[in-house]
Amino acid sequence: MTLSELQQILRDRVRETALSNFKIELDQVVSEIPPKTAVGDLAFPVAFDLAKQIKLATGEKQNPRVIAEVLKKELETFDFVERVEIAGPGYLNVFYDRARFLLDNIDFLPLPRQTSPDSAKRKVCVEHTSVNPNKAAHIGHVRNSVIGDTFQRILQATGSKVEVQNYIDNTGVQVADVVVGFIYLENRDLDSIKVLDVNLRTTDTSFDYYCWDLYARVGQEYHKVEKLKEKRAEVLRQIEEGNNETALLADFVATRNVECILDTMERFDIRYDLLPRESEILHLKFWDKAFEQMKEMGTIHFEPDGKNAGCWVMPFEEHSRTDEHESDKILVRSNGTVTYTGKDIAYQMWKLGVLGMDFYYKPFHTYPNGKEVWTTTANAAESVAGAPEFGHGETIYNVIDTRQSYPQEIVKKGVAAIHPEIGENGSVHLSYEMVALSPTAAEELGFVLSEEDKTRTFIEMSGRKGLGVKADDLLDRLEAKAYAEVASRNPEVAEVQKIKIANQIAVGALRYFLLKFTRTTVIVFDFKEALSFEGETGCFCQYSAVRANKIFQKLEERGESVEAIKGSLVNADEISGIFGSEQGDDIWSMLVNAARLDETIEHAARANEPAVLAKYAFSLAKAFNLFYHNHKILPEPDLMKRAVLITVADSVRRSLSAALLTMGIQIPDKM
């Protein structure tokens, strides 16, 4: 049994004993992990709570230590419990039978475990990345993608069937801005843009990079030419209407940018199941259906006058009354166009399977591993048979930055108003703060900083101003730095292997750096910190995993079988003697640490916080390095102790490997 299962059994017994012996029904039983295994493996402060509840119920005063004695006897009836000690005035410290736990978990298989669709506990949808398809992805988008990708891996590891969606806002203002640039600044039509794309493929500039620069140019021109800004509204209207030259041009631009963005995310080992497009939400009348339902139920009303005159607005008073939040309540503008929030309500209803409508689907891209990503279409003739069933998620996780917190609340309120049976619990906003650059990193990337900028804590980026770090550029720079380190440490390694290891280190460094901070923390990116082989970094975790793997590579080279070594562990008394020795607590602590992966992943899933897993991986890596230095694992002369050490080391490498893979971090052959 896992540690989580043991803890649940003990909590259940405490609850049963409280009811049978003291006639108290406990809503929950609090348990704690002691700071050191020497003082216990699990602690219960429940005797104090019971004493209070008994006095409230009966007026009788009970000594917590007497209550603890009753609970102690009940907990010691389990064969996996070695003993229970009462500390102070009534704390219960449970000590597991260490030999039994080792023998029961000798073939320990940590999460993640592959779950078939039929055996999955539930289906959930995780929407992440959702880059406006008007330019290249930048480092801020990578944080979104890494959080979303890691969280979906965490959910899969807990047994959920996960559908990963990347929402393509191909009818939004940002796409319209680039279209304005192509048409009115560069005088291009669709054919000339296609020629441009072909020509760019033979240069060092990709289509999404070209659009990056054009988007910045358009932003600058808006400030100079007022009439150009007026073109945006007309272009946006034509894009939303569809079936016109401007809409076709915009569709090509958005699609090419999506293709480039998928290639970028593939470099980070990030993939998707479905690319739902905003244009289909409009053309298939998803919004129309949601709109009619909201009007019928009175959850939306028409504003005849005032600053929102001519708009359809959803009344929602829980906000700071800023102009920005007022505009978030508008679902249909006075010119008839639908806002992001309005379209998101319809889209969210589809994801939850309550809209009563569906998209048509066609394949969009096949990844190198054979996985196929699908996209939506409004044209039944384009629909391809054999598409999976998309949507119908029990819970929807939306990875969107904190600036969208209020619109996300509007979306939840809107869906709940139409479908009270779902309420607001069906949607979870996985918000996150921005990624900025340290002044050193900004200068290294070629940005010219003023003297004032150099004194700042961080440099904030702006895509509209062209001030930002493209994801591909960042990874290229990290790979170059990692390659130099790998080449200096392993000159004998083949070139192709050096390149592969450098990529694994670079991706691991960036993913870990973006995950180790809680989602509500502003990240200040720094190259030196991210790529350090020491401290709390992905490189350090990878290094520890490589070190653990080398133990077993050496065993294999010596012709020793790990299974045979484990098979020699049959005498529980001898194993207990090792755990009871001077170094026993240290060995046991390492085993318990490795065994906590399952509960850590469950915790990360419940808390909606991937940083929980990142902290665990670093803690385990750090503990193992100390363990490795304190114990002569392979040279240990005592064969029984050696077998225990090897078995514990095997548990560590399994857990550390699984934790890193769940974070999308691969383990190189060498460091």
# chains A, B, ... in the order shown; residues from 1 in each chain; ligands from 1
$ select_by_dssp --residues "region 400-635 of chain A" --states "helix (DSSP H, G or I)" --output "MDAnalysis selection string"
chainID A and resid 402:418 439:444 451:454 471:489 495:515 527:530 538:557 562:567 572:579 584:595 597:607 611:630
$ residues_around --residues "Ala595 (chain A)" --least-positions-apart "5" --cutoff "10 Å" --atoms "only C-alpha atoms" --output "ChimeraX atom specification"
/A:2-4,105,108-110,589-590,600,648,651-652,654-655
$ residues_around --residues "region 476-478 of chain A" --least-positions-apart "6" --cutoff "8 Å" --atoms "only C-alpha atoms" --output "list of chain:residue names"
A:Ala506, A:Phe527, A:Leu531
$ closest_residue --among "A:Tyr397, A:Phe182, A:Phe624, A:Phe618" --to "Val592 (chain A)" --atoms "only C-alpha atoms"
A:Phe624
$ atom_distance --atom1 "CA of Phe302 (chain A)" --atom2 "CA of Lys329 (chain A)"
11.8 Å
$ closest_residue --among "A:Pro668, A:Ile578, A:Tyr367, A:Arg596" --to "Ala548 (chain A)" --atoms "only C-alpha atoms"
A:Pro668
$ closest_residue --among "A:Ile345, A:Ala643, A:Ser581, A:Gly426" --to "Glu563 (chain A)" --atoms "only C-alpha atoms"
A:Ala643
$ closest_atom_pairs --of "region 232-306 of chain A" --to "region 349-361 of chain A" --cutoff "10 Å" --atoms "only C-alpha atoms" --output "Markdown table"
| residue | atom | partner | partner_atom | distance |
| --- | --- | --- | --- | --- |
| A:Leu274 | CA | A:Tyr361 | CA | 9.1 |
| A:Leu275 | CA | A:Tyr361 | CA | 9.7 |
| A:Pro276 | CA | A:Phe359 | CA | 8.5 |
| A:Arg277 | CA | A:Phe359 | CA | 9.6 |
| A:Glu280 | CA | A:Phe359 | CA | 7.2 |
| A:Ile281 | CA | A:Phe359 | CA | 8.2 |
| A:Leu284 | CA | A:Phe359 | CA | 7.5 |
| A:Lys285 | CA | A:Met357 | CA | 9.1 |
| A:Phe286 | CA | A:Met357 | CA | 7.1 |
| A:Trp287 | CA | A:Leu355 | CA | 9.6 |
| A:Lys289 | CA | A:Leu355 | CA | 7.9 |
| A:Ala290 | CA | A:Leu355 | CA | 7.4 |
$ residues_around --residues "Asp526 (chain A)" --least-positions-apart "6" --cutoff "10 Å" --atoms "only C-alpha atoms" --output "list in words"
Ala436, Leu437, Ser438, Pro439, Thr440, Ala441, Ala442, Glu444, Phe458 and Phe513 of chain A
$ decode --residues "region 204-216 of chain A" --atoms "all heavy atoms" --output "mmCIF file, in the first residue's frame"
data_model
loop_
_atom_site.group_PDB
_atom_site.id
_atom_site.type_symbol
_atom_site.label_atom_id
_atom_site.label_comp_id
_atom_site.auth_asym_id
_atom_site.auth_seq_id
_atom_site.Cartn_x
_atom_site.Cartn_y
_atom_site.Cartn_z
ATOM 1 N N ASP A 204 16.319 33.074 -42.987
ATOM 2 C CA ASP A 204 16.387 32.845 -41.544
ATOM 3 C C ASP A 204 15.181 33.419 -40.811
ATOM 4 O O ASP A 204 15.060 33.253 -39.596
ATOM 5 C CB ASP A 204 17.666 33.477 -40.965
ATOM 6 C CG ASP A 204 18.926 32.790 -41.463
ATOM 7 O OD1 ASP A 204 18.844 31.587 -41.782
ATOM 8 O OD2 ASP A 204 19.980 33.452 -41.539
ATOM 9 N N THR A 205 14.294 34.105 -41.527
ATOM 10 C CA THR A 205 13.114 34.710 -40.910
ATOM 11 C C THR A 205 11.879 33.872 -41.226
ATOM 12 O O THR A 205 11.569 33.636 -42.392
ATOM 13 C CB THR A 205 12.893 36.145 -41.431
ATOM 14 O OG1 THR A 205 14.048 36.934 -41.136
ATOM 15 C CG2 THR A 205 11.679 36.776 -40.765
ATOM 16 N N SER A 206 11.200 33.429 -40.202
ATOM 17 C CA SER A 206 9.987 32.639 -40.412
ATOM 18 C C SER A 206 8.778 33.570 -40.510
ATOM 19 O O SER A 206 8.859 34.762 -40.200
ATOM 20 C CB SER A 206 9.792 31.653 -39.258
ATOM 21 O OG SER A 206 9.692 32.343 -38.029
ATOM 22 N N PHE A 207 7.646 33.016 -40.924
ATOM 23 C CA PHE A 207 6.438 33.818 -41.132
ATOM 24 C C PHE A 207 5.984 34.470 -39.834
ATOM 25 O O PHE A 207 5.589 35.645 -39.822
ATOM 26 C CB PHE A 207 5.317 32.934 -41.688
ATOM 27 C CG PHE A 207 4.105 33.704 -42.115
ATOM 28 C CD1 PHE A 207 4.055 34.317 -43.353
ATOM 29 C CD2 PHE A 207 3.003 33.820 -41.273
ATOM 30 C CE1 PHE A 207 2.934 35.043 -43.754
ATOM 31 C CE2 PHE A 207 1.880 34.538 -41.659
ATOM 32 C CZ PHE A 207 1.846 35.150 -42.902
ATOM 33 N N ASP A 208 6.038 33.739 -38.715
ATOM 34 C CA ASP A 208 5.584 34.310 -37.445
ATOM 35 C C ASP A 208 6.518 35.418 -36.959
ATOM 36 O O ASP A 208 6.074 36.372 -36.313
ATOM 37 C CB ASP A 208 5.412 33.228 -36.377
ATOM 38 C CG ASP A 208 6.672 32.415 -36.134
ATOM 39 O OD1 ASP A 208 7.538 32.359 -37.025
ATOM 40 O OD2 ASP A 208 6.795 31.816 -35.042
ATOM 41 N N TYR A 209 7.813 35.323 -37.306
ATOM 42 C CA TYR A 209 8.748 36.393 -36.957
ATOM 43 C C TYR A 209 8.449 37.646 -37.786
ATOM 44 O O TYR A 209 8.521 38.771 -37.286
ATOM 45 C CB TYR A 209 10.186 35.947 -37.213
ATOM 46 C CG TYR A 209 10.826 35.192 -36.066
ATOM 47 C CD1 TYR A 209 10.098 34.261 -35.318
ATOM 48 C CD2 TYR A 209 12.162 35.381 -35.733
ATOM 49 C CE1 TYR A 209 10.681 33.557 -34.285
ATOM 50 C CE2 TYR A 209 12.755 34.685 -34.691
ATOM 51 C CZ TYR A 209 12.010 33.768 -33.969
ATOM 52 O OH TYR A 209 12.590 33.081 -32.936
ATOM 53 N N TYR A 210 8.139 37.434 -39.060
ATOM 54 C CA TYR A 210 7.806 38.566 -39.939
ATOM 55 C C TYR A 210 6.566 39.287 -39.400
ATOM 56 O O TYR A 210 6.531 40.524 -39.339
ATOM 57 C CB TYR A 210 7.547 38.057 -41.355
ATOM 58 C CG TYR A 210 7.357 39.154 -42.378
ATOM 59 C CD1 TYR A 210 8.437 39.637 -43.115
ATOM 60 C CD2 TYR A 210 6.101 39.709 -42.607
ATOM 61 C CE1 TYR A 210 8.261 40.654 -44.050
ATOM 62 C CE2 TYR A 210 5.917 40.722 -43.535
ATOM 63 C CZ TYR A 210 7.005 41.189 -44.258
ATOM 64 O OH TYR A 210 6.830 42.195 -45.177
ATOM 65 N N CYS A 211 5.569 38.498 -38.982
ATOM 66 C CA CYS A 211 4.340 39.085 -38.440
ATOM 67 C C CYS A 211 4.601 39.802 -37.116
ATOM 68 O O CYS A 211 3.937 40.798 -36.800
ATOM 69 C CB CYS A 211 3.275 37.999 -38.252
ATOM 70 S SG CYS A 211 2.608 37.351 -39.805
ATOM 71 N N TRP A 212 5.560 39.311 -36.342
ATOM 72 C CA TRP A 212 5.944 39.958 -35.083
ATOM 73 C C TRP A 212 6.347 41.417 -35.348
ATOM 74 O O TRP A 212 5.872 42.342 -34.692
ATOM 75 C CB TRP A 212 7.098 39.180 -34.450
ATOM 76 C CG TRP A 212 7.709 39.764 -33.206
ATOM 77 C CD1 TRP A 212 8.486 40.886 -33.119
ATOM 78 C CD2 TRP A 212 7.598 39.258 -31.870
ATOM 79 N NE1 TRP A 212 8.876 41.097 -31.822
ATOM 80 C CE2 TRP A 212 8.353 40.120 -31.031
ATOM 81 C CE3 TRP A 212 6.965 38.156 -31.304
ATOM 82 C CZ2 TRP A 212 8.473 39.898 -29.657
ATOM 83 C CZ3 TRP A 212 7.084 37.947 -29.935
ATOM 84 C CH2 TRP A 212 7.822 38.806 -29.134
ATOM 85 N N ASP A 213 7.225 41.597 -36.328
ATOM 86 C CA ASP A 213 7.704 42.946 -36.657
ATOM 87 C C ASP A 213 6.592 43.800 -37.264
ATOM 88 O O ASP A 213 6.483 45.002 -36.972
ATOM 89 C CB ASP A 213 8.886 42.865 -37.625
ATOM 90 C CG ASP A 213 10.115 42.216 -36.992
ATOM 91 O OD1 ASP A 213 10.245 42.275 -35.757
ATOM 92 O OD2 ASP A 213 10.935 41.639 -37.734
ATOM 93 N N LEU A 214 5.769 43.181 -38.098
ATOM 94 C CA LEU A 214 4.680 43.921 -38.735
ATOM 95 C C LEU A 214 3.660 44.391 -37.694
ATOM 96 O O LEU A 214 3.163 45.530 -37.761
ATOM 97 C CB LEU A 214 3.997 43.041 -39.784
ATOM 98 C CG LEU A 214 2.831 43.669 -40.557
ATOM 99 C CD1 LEU A 214 3.280 44.933 -41.284
ATOM 100 C CD2 LEU A 214 2.232 42.658 -41.539
ATOM 101 N N TYR A 215 3.355 43.549 -36.730
ATOM 102 C CA TYR A 215 2.415 43.894 -35.656
ATOM 103 C C TYR A 215 2.907 45.117 -34.877
ATOM 104 O O TYR A 215 2.141 46.037 -34.562
ATOM 105 C CB TYR A 215 2.253 42.693 -34.734
ATOM 106 C CG TYR A 215 1.310 42.905 -33.569
ATOM 107 C CD1 TYR A 215 -0.038 43.172 -33.770
ATOM 108 C CD2 TYR A 215 1.764 42.813 -32.254
ATOM 109 C CE1 TYR A 215 -0.910 43.349 -32.702
ATOM 110 C CE2 TYR A 215 0.909 42.984 -31.175
ATOM 111 C CZ TYR A 215 -0.425 43.254 -31.409
ATOM 112 O OH TYR A 215 -1.278 43.424 -30.338
ATOM 113 N N ALA A 216 4.216 45.137 -34.587
ATOM 114 C CA ALA A 216 4.799 46.285 -33.876
ATOM 115 C C ALA A 216 4.719 47.552 -34.738
ATOM 116 O O ALA A 216 4.428 48.647 -34.236
ATOM 117 C CB ALA A 216 6.245 45.985 -33.498
#
